[in-house]
>>> print(open('input02.cif').read())   # mmCIF, C-alpha atoms
data_coords
#
loop_
_atom_site.label_atom_id
_atom_site.label_comp_id
_atom_site.auth_asym_id
_atom_site.auth_seq_id
_atom_site.Cartn_x
_atom_site.Cartn_y
_atom_site.Cartn_z
CA MET V 1 5.28 15.78 20.61
CA THR V 2 1.50 15.43 20.41
CA LEU V 3 -0.45 12.35 21.42
CA ALA V 4 -1.08 11.63 17.72
CA ASP V 5 2.69 11.77 17.13
CA SER V 6 3.31 9.27 19.94
CA ILE V 7 0.66 6.93 18.61
CA ASP V 8 1.90 7.24 15.04
CA ALA V 9 5.41 6.33 16.22
CA LEU V 10 4.08 2.96 17.39
CA LEU V 11 2.31 2.06 14.15
CA PRO V 12 4.11 -0.01 11.50
CA GLN V 13 3.73 2.58 8.72
CA THR V 14 2.76 0.01 6.10
CA GLN V 15 -0.04 2.37 4.96
CA CYS V 16 -2.19 -0.67 4.19
CA THR V 17 -5.51 1.07 5.09
CA GLN V 18 -6.89 -2.17 6.60
CA CYS V 19 -7.71 -0.14 9.71
CA GLY V 20 -10.32 1.74 7.68
CA TYR V 21 -8.31 4.96 7.51
CA ALA V 22 -6.27 6.43 4.65
CA GLY V 23 -2.99 5.58 6.33
CA CYS V 24 -1.22 5.18 9.65
CA ARG V 25 -1.26 8.90 10.50
CA PRO V 26 -5.03 9.34 10.04
CA TYR V 27 -5.57 6.24 12.18
CA ALA V 28 -3.27 7.66 14.84
CA GLU V 29 -5.15 10.96 14.83
CA ALA V 30 -8.47 9.13 15.17
CA MET V 31 -7.16 7.20 18.17
CA ALA V 32 -5.82 10.38 19.74
CA ALA V 33 -9.27 11.92 19.36
CA GLY V 34 -10.92 8.89 20.93
CA GLN V 35 -12.65 8.00 17.68
CA ALA V 36 -10.94 4.69 16.93
CA SER V 37 -10.01 1.60 18.91
CA ILE V 38 -6.47 0.29 19.32
CA ASN V 39 -7.11 -3.08 17.68
CA ARG V 40 -7.46 -2.18 14.01
CA CYS V 41 -3.89 -2.75 12.76
CA PRO V 42 -3.36 -6.26 11.32
CA PRO V 43 0.31 -5.66 10.35
CA GLY V 44 1.10 -4.56 13.90
CA GLY V 45 -0.79 -7.42 15.52
CA GLU V 46 -0.72 -8.05 19.26
CA ARG V 47 2.58 -6.23 19.77
CA VAL V 48 1.28 -2.91 18.48
CA ILE V 49 -2.00 -3.37 20.34
CA ALA V 50 -0.05 -3.91 23.58
CA ASP V 51 2.12 -0.85 22.92
CA LEU V 52 -0.90 1.31 22.18
CA ALA V 53 -2.71 0.03 25.27
CA ALA V 54 0.29 0.93 27.45
CA LEU V 55 0.57 4.39 25.91
CA LEU V 56 -3.13 5.18 26.23
CA GLY V 57 -3.65 3.51 29.60
CA VAL V 58 -6.29 1.09 28.40
CA ALA V 59 -6.60 -2.69 28.50
CA PRO V 60 -5.25 -4.66 25.52
CA VAL V 61 -7.89 -6.25 23.30
CA THR V 62 -7.74 -8.80 20.50
CA LEU V 63 -7.30 -7.73 16.90
CA ASP V 64 -10.57 -6.79 15.22
CA PRO V 65 -11.17 -9.61 12.69
CA ALA V 66 -13.10 -7.20 10.47
CA CYS V 67 -9.78 -5.48 9.70
CA GLY V 68 -7.93 -8.65 8.75
CA THR V 69 -5.52 -11.07 10.35
CA HIS V 70 -1.91 -10.75 11.44
CA HIS V 71 0.64 -12.84 9.55
CA PRO V 72 4.41 -12.88 9.04
CA PHE V 73 5.77 -10.03 6.94
CA GLU V 74 5.29 -10.49 3.20
CA VAL V 75 6.33 -8.46 0.17
CA ALA V 76 4.79 -8.11 -3.26
CA LEU V 77 6.26 -9.91 -6.27
CA ILE V 78 5.45 -9.13 -9.91
CA ASP V 79 5.38 -11.95 -12.46
CA GLU V 80 7.33 -9.84 -14.93
CA GLU V 81 6.57 -12.19 -17.85
CA HIS V 82 2.89 -11.28 -17.64
CA CYS V 83 3.18 -7.61 -16.68
CA ILE V 84 1.62 -5.37 -19.36
CA GLY V 85 3.02 -2.09 -18.06
CA CYS V 86 -0.34 -0.52 -17.17
CA THR V 87 1.19 1.48 -14.22
CA LEU V 88 -1.84 0.81 -11.98
CA CYS V 89 0.34 -0.88 -9.36
CA ILE V 90 2.78 2.05 -9.42
CA GLN V 91 -0.07 4.45 -8.78
CA ALA V 92 -1.42 2.29 -5.95
CA CYS V 93 1.88 1.89 -4.09
CA PRO V 94 1.94 4.35 -1.18
CA VAL V 95 5.73 4.31 -0.77
CA ASP V 96 7.11 4.34 -4.33
CA ALA V 97 8.41 0.78 -4.09
CA ILE V 98 7.55 -0.12 -7.70
CA VAL V 99 9.73 0.83 -10.67
CA GLY V 100 8.56 0.93 -14.27
CA ALA V 101 6.96 3.03 -16.98
CA ASN V 102 3.88 2.97 -19.17
CA GLN V 103 3.85 -0.11 -21.45
CA LEU V 104 7.11 -1.32 -19.92
CA MET V 105 7.62 -4.14 -17.44
CA HIS V 106 7.42 -3.17 -13.76
CA THR V 107 9.38 -4.56 -10.84
CA ILE V 108 9.13 -4.18 -7.08
CA VAL V 109 12.07 -2.99 -4.99
CA THR V 110 11.78 -5.59 -2.24
CA GLU V 111 13.75 -3.52 0.26
CA LEU V 112 11.18 -0.71 0.00
CA CYS V 113 7.98 -2.79 -0.06
CA THR V 114 5.85 -2.51 3.08
CA GLY V 115 3.69 -5.53 2.24
CA CYS V 116 0.54 -3.38 2.21
CA GLU V 117 -0.97 -5.40 -0.69
CA ARG V 118 -2.49 -2.28 -2.25
CA CYS V 119 -0.90 -3.10 -5.61
CA VAL V 120 -2.53 -6.54 -5.85
CA ALA V 121 -6.18 -5.66 -6.53
CA PRO V 122 -5.62 -3.02 -9.26
CA CYS V 123 -3.52 -5.37 -11.43
CA PRO V 124 -5.70 -6.24 -14.45
CA VAL V 125 -3.76 -9.41 -15.27
CA ASP V 126 -3.39 -10.76 -11.74
CA CYS V 127 0.40 -10.95 -11.97
CA ILE V 128 1.20 -9.69 -8.44
CA THR V 129 1.40 -12.06 -5.50
CA MET V 130 2.48 -11.71 -1.89
CA VAL V 131 5.43 -13.86 -0.83
CA PRO V 132 7.22 -14.34 2.52
CA ALA V 133 9.80 -11.63 3.09
CA GLY V 134 12.07 -13.93 5.05
CA ARG V 135 12.55 -11.29 7.74
CA ASP V 136 10.59 -9.27 10.27
CA TRP V 137 9.39 -5.70 9.76
CA GLN V 138 11.60 -3.50 11.95
CA ASP V 139 11.31 -0.01 13.44
CA ASP V 140 13.88 1.26 10.94
CA ASP V 141 11.67 -0.06 8.12
CA ALA V 142 8.68 1.77 9.58
CA ASN V 143 10.56 5.06 9.89
CA ALA V 144 11.84 4.83 6.32
CA ALA V 145 8.37 3.94 5.02
CA ARG V 146 6.84 6.93 6.82
CA THR V 147 9.34 9.24 5.15
CA ARG V 148 8.70 7.78 1.68
CA PHE V 149 4.93 8.01 2.19
CA GLN V 150 5.20 11.67 3.17
CA GLN V 151 7.49 12.44 0.23
CA ARG V 152 5.08 10.75 -2.18
CA ASN V 153 2.12 12.69 -0.82
CA THR V 154 4.04 15.96 -1.11
CA ARG V 155 4.90 15.16 -4.72
CA LEU V 156 1.31 14.26 -5.60
CA LEU V 157 0.00 17.42 -3.99
CA ARG V 158 2.47 19.49 -5.97
CA ARG V 159 1.67 17.68 -9.23
CA HIS V 160 -2.11 17.47 -8.93
CA ASP V 161 -2.86 20.30 -6.51
CA GLU V 162 -5.30 18.04 -4.68
CA ALA V 163 -5.42 15.61 -1.78
CA ALA V 164 -3.05 12.70 -2.33
CA GLY V 165 -5.75 10.08 -1.88
CA PRO V 166 -6.86 7.35 -4.27
CA ALA V 167 -8.14 9.89 -6.82
CA ALA V 168 -4.65 11.30 -7.21
CA ARG V 169 -3.39 7.87 -8.25
CA THR V 170 -5.90 7.03 -10.98
CA LEU V 171 -5.20 7.09 -14.67
CA ALA V 172 -7.82 9.81 -15.01
CA ASN V 173 -5.41 12.17 -13.30
CA LYS V 174 -2.65 11.36 -15.76
CA PRO V 175 -3.91 12.67 -19.13
CA ALA V 176 -0.41 12.70 -20.62
CA LEU V 177 -0.09 8.99 -19.87
CA MET V 178 -3.51 8.21 -21.28
CA ALA V 179 -2.77 10.17 -24.43
CA THR V 180 0.19 7.95 -25.26
CA THR V 181 -1.98 4.84 -25.60
CA ASP V 182 -4.77 4.21 -28.08
CA PRO V 183 -7.78 3.02 -26.00
CA GLN V 184 -8.65 0.17 -28.40
CA ASP V 185 -5.03 -0.97 -28.56
CA LYS V 186 -4.76 -0.83 -24.77
CA GLN V 187 -7.93 -2.88 -24.27
CA GLN V 188 -6.71 -5.42 -26.81
CA ARG V 189 -3.34 -5.73 -25.04
CA ILE V 190 -5.07 -6.20 -21.68
CA ALA V 191 -7.37 -8.86 -23.13
CA GLN V 192 -4.39 -10.68 -24.63
CA ALA V 193 -2.46 -10.48 -21.37
CA LEU V 194 -5.46 -11.80 -19.44
CA ALA V 195 -5.72 -14.72 -21.83
CA ARG V 196 -2.01 -15.48 -21.37
CA ALA V 197 -2.34 -15.25 -17.60
CA ARG V 198 -5.31 -17.62 -17.56
CA ALA V 199 -3.55 -20.08 -19.87
CA ASN V 200 -0.44 -19.97 -17.71
CA ARG V 201 -2.48 -20.75 -14.59
CA GLN V 202 -4.21 -23.69 -16.28
#
>>> encode(input="input02.cif", output="structure tokens")
Amino acid sequence: MTLADSIDALLPQTQCTQCGYAGCRPYAEAMAAGQASINRCPPGGERVIADLAALLGVAPVTLDPACGTHHPFEVALIDEEHCIGCTLCIQACPVDAIVGANQLMHTIVTELCTGCERCVAPCPVDCITMVPAGRDWQDDDANAARTRFQQRNTRLLRRHDEAAGPAARTLANKPALMATTDPQDKQQRIAQALARARANRQ
């Protein structure tokens, strides 16, 4: 087992990218190379910082506030009434925890959600919120999330023949999907959904 492997085993595998890297493994490799500090993982918080400090033989430090804050485990929840089926959240999810299809309502499989929040920003109708999970994130969750993340990346590489980064999850890389929707009709549906979402919030 390499040093990067040992470090990666301590990370929560939420793949949230708040550390500034494309996922937990790249962050682990940067730490192993001495290129990143141990305090850049908000989901892991003080516990992960302490574990990393012990492994690397360095003093624990406080979480870097530039990366975010630690809080109890949350999962994403889709307001299915306002979902317009745009698939942007599906493409953003690093662990395939969202089920749905183009122009059909999406839902989140709570048991698979890592709470990374990466689905929230892309939603054009602001119908995804983070809610308390009611449980702690466990090592078994992390191991399962790592496996799903790796499987997703393998699938994207095979489908797109390119790095499975953000570009591989954009609508531009899914011409078949784009072809099924008239652009003017799609924009009109988004505008209508936005209006409904705003009215609902008022």
>>> resolve_selection(input="input02.cif", expression="the PyMOL selection byres ((chain V and resi 106) around 12)", output="count of residues only")
32
>>> atom_distance(input="input02.cif", atom1="atom CA of V:Thr14", atom2="atom CA of V:Thr62")
19.9 Å
>>> residues_near_point(input="input02.cif", point="(0.1, 9.5, 18.0)", cutoff="9 Å", atoms="all atoms listed in the file", output="list in words")
Met1, Thr2, Leu3, Ala4, Asp5, Ser6, Ile7, Asp8, Ala9, Leu10, Leu11, Arg25, Tyr27, Ala28, Glu29, Met31 and Ala32 of chain V
>>> write_last_selection(input="input02.cif", atoms="C-alpha atoms", output="mmCIF file, keeping the file's coordinate frame")
data_model
loop_
_atom_site.group_PDB
_atom_site.id
_atom_site.type_symbol
_atom_site.label_atom_id
_atom_site.label_comp_id
_atom_site.auth_asym_id
_atom_site.auth_seq_id
_atom_site.Cartn_x
_atom_site.Cartn_y
_atom_site.Cartn_z
ATOM 1 C CA MET V 1 5.280 15.780 20.610
ATOM 2 C CA THR V 2 1.500 15.430 20.410
ATOM 3 C CA LEU V 3 -0.450 12.350 21.420
ATOM 4 C CA ALA V 4 -1.080 11.630 17.720
ATOM 5 C CA ASP V 5 2.690 11.770 17.130
ATOM 6 C CA SER V 6 3.310 9.270 19.940
ATOM 7 C CA ILE V 7 0.660 6.930 18.610
ATOM 8 C CA ASP V 8 1.900 7.240 15.040
ATOM 9 C CA ALA V 9 5.410 6.330 16.220
ATOM 10 C CA LEU V 10 4.080 2.960 17.390
ATOM 11 C CA LEU V 11 2.310 2.060 14.150
ATOM 12 C CA ARG V 25 -1.260 8.900 10.500
ATOM 13 C CA TYR V 27 -5.570 6.240 12.180
ATOM 14 C CA ALA V 28 -3.270 7.660 14.840
ATOM 15 C CA GLU V 29 -5.150 10.960 14.830
ATOM 16 C CA MET V 31 -7.160 7.200 18.170
ATOM 17 C CA ALA V 32 -5.820 10.380 19.740
#
>>> residues_around(input="input02.cif", residues="stretch 135-144 of chain V", least_positions_apart="6", cutoff="12 Å", atoms="all atoms listed in the file", output="ChimeraX atom specification")
/V:8-15,24,43-45,48,71-75,95-97,110-116,150-151
>>> closest_residue(input="input02.cif", among="V:Pro94, V:Asp64, V:Pro132, V:Glu117", to="V:Arg148", atoms="all atoms listed in the file")
V:Pro94
>>> resolve_selection(input="input02.cif", expression="the PyMOL selection byres ((chain V and resi 46) around 9)", output="PDB file with C-alpha atoms, keeping the file's coordinate frame")
ATOM      1  CA  ASN V  39      -7.110  -3.080  17.680  1.00  0.00           C
ATOM      2  CA  CYS V  41      -3.890  -2.750  12.760  1.00  0.00           C
ATOM      3  CA  PRO V  42      -3.360  -6.260  11.320  1.00  0.00           C
ATOM      4  CA  GLY V  44       1.100  -4.560  13.900  1.00  0.00           C
ATOM      5  CA  GLY V  45      -0.790  -7.420  15.520  1.00  0.00           C
ATOM      6  CA  ARG V  47       2.580  -6.230  19.770  1.00  0.00           C
ATOM      7  CA  VAL V  48       1.280  -2.910  18.480  1.00  0.00           C
ATOM      8  CA  ILE V  49      -2.000  -3.370  20.340  1.00  0.00           C
ATOM      9  CA  ALA V  50      -0.050  -3.910  23.580  1.00  0.00           C
ATOM     10  CA  ASP V  51       2.120  -0.850  22.920  1.00  0.00           C
ATOM     11  CA  PRO V  60      -5.250  -4.660  25.520  1.00  0.00           C
ATOM     12  CA  VAL V  61      -7.890  -6.250  23.300  1.00  0.00           C
ATOM     13  CA  THR V  62      -7.740  -8.800  20.500  1.00  0.00           C
ATOM     14  CA  LEU V  63      -7.300  -7.730  16.900  1.00  0.00           C
ATOM     15  CA  HIS V  70      -1.910 -10.750  11.440  1.00  0.00           C
TER      16      HIS V  70
END
>>> atom_distance(input="input02.cif", atom1="atom CA of V:Ala66", atom2="atom CA of V:Gly134")
26.6 Å
>>> closest_residue(input="input02.cif", among="V:Cys19, V:Leu156, V:Cys67, V:Ala121", to="V:Ala36", atoms="only C-alpha atoms")
V:Cys19
>>> atom_distance(input="input02.cif", atom1="atom CA of V:Ser37", atom2="atom CA of V:Arg118")
22.8 Å
>>> decode(input="input02.cif", residues="stretch 79-97 of chain V", atoms="N, CA and C atoms", output="mmCIF file, in the first residue's frame")
data_model
loop_
_atom_site.group_PDB
_atom_site.id
_atom_site.type_symbol
_atom_site.label_atom_id
_atom_site.label_comp_id
_atom_site.auth_asym_id
_atom_site.auth_seq_id
_atom_site.Cartn_x
_atom_site.Cartn_y
_atom_site.Cartn_z
ATOM 1 N N ASP V 79 -37.059 18.686 -4.514
ATOM 2 C CA ASP V 79 -38.477 19.039 -4.479
ATOM 3 C C ASP V 79 -39.057 18.546 -5.802
ATOM 4 N N GLU V 80 -39.583 17.344 -5.801
ATOM 5 C CA GLU V 80 -39.959 16.676 -7.043
ATOM 6 C C GLU V 80 -41.073 17.412 -7.785
ATOM 7 N N GLU V 81 -41.868 18.196 -7.076
ATOM 8 C CA GLU V 81 -42.950 18.949 -7.718
ATOM 9 C C GLU V 81 -42.405 19.994 -8.683
ATOM 10 N N HIS V 82 -41.195 20.505 -8.386
ATOM 11 C CA HIS V 82 -40.633 21.572 -9.213
ATOM 12 C C HIS V 82 -39.499 21.105 -10.115
ATOM 13 N N CYS V 83 -39.145 19.835 -10.041
ATOM 14 C CA CYS V 83 -38.093 19.297 -10.900
ATOM 15 C C CYS V 83 -38.555 19.309 -12.357
ATOM 16 N N ILE V 84 -37.700 19.794 -13.264
ATOM 17 C CA ILE V 84 -38.056 19.869 -14.681
ATOM 18 C C ILE V 84 -37.352 18.795 -15.505
ATOM 19 N N GLY V 85 -36.615 17.910 -14.847
ATOM 20 C CA GLY V 85 -35.988 16.809 -15.568
ATOM 21 C C GLY V 85 -34.857 17.227 -16.484
ATOM 22 N N CYS V 86 -34.058 18.206 -16.066
ATOM 23 C CA CYS V 86 -32.987 18.712 -16.939
ATOM 24 C C CYS V 86 -31.748 17.814 -16.939
ATOM 25 N N THR V 87 -31.615 16.923 -15.963
ATOM 26 C CA THR V 87 -30.508 15.961 -15.792
ATOM 27 C C THR V 87 -29.203 16.591 -15.315
ATOM 28 N N LEU V 88 -29.168 17.901 -15.071
ATOM 29 C CA LEU V 88 -27.919 18.530 -14.642
ATOM 30 C C LEU V 88 -27.441 17.991 -13.295
ATOM 31 N N CYS V 89 -28.378 17.701 -12.395
ATOM 32 C CA CYS V 89 -27.976 17.158 -11.097
ATOM 33 C C CYS V 89 -27.430 15.743 -11.243
ATOM 34 N N ILE V 90 -28.017 14.963 -12.155
ATOM 35 C CA ILE V 90 -27.533 13.608 -12.398
ATOM 36 C C ILE V 90 -26.099 13.641 -12.893
ATOM 37 N N GLN V 91 -25.829 14.573 -13.792
ATOM 38 C CA GLN V 91 -24.485 14.690 -14.345
ATOM 39 C C GLN V 91 -23.477 15.180 -13.305
ATOM 40 N N ALA V 92 -23.948 15.976 -12.346
ATOM 41 C CA ALA V 92 -23.047 16.522 -11.329
ATOM 42 C C ALA V 92 -22.738 15.532 -10.223
ATOM 43 N N CYS V 93 -23.638 14.589 -9.971
ATOM 44 C CA CYS V 93 -23.455 13.662 -8.852
ATOM 45 C C CYS V 93 -22.272 12.730 -9.107
ATOM 46 N N PRO V 94 -21.276 12.725 -8.218
ATOM 47 C CA PRO V 94 -20.087 11.912 -8.455
ATOM 48 C C PRO V 94 -20.244 10.435 -8.120
ATOM 49 N N VAL V 95 -21.382 10.063 -7.520
ATOM 50 C CA VAL V 95 -21.533 8.670 -7.076
ATOM 51 C C VAL V 95 -22.834 8.029 -7.561
ATOM 52 N N ASP V 96 -23.441 8.601 -8.590
ATOM 53 C CA ASP V 96 -24.660 8.022 -9.173
ATOM 54 C C ASP V 96 -25.755 7.805 -8.135
ATOM 55 N N ALA V 97 -25.992 8.825 -7.316
ATOM 56 C CA ALA V 97 -27.020 8.705 -6.274
ATOM 57 C C ALA V 97 -28.354 9.303 -6.702
#
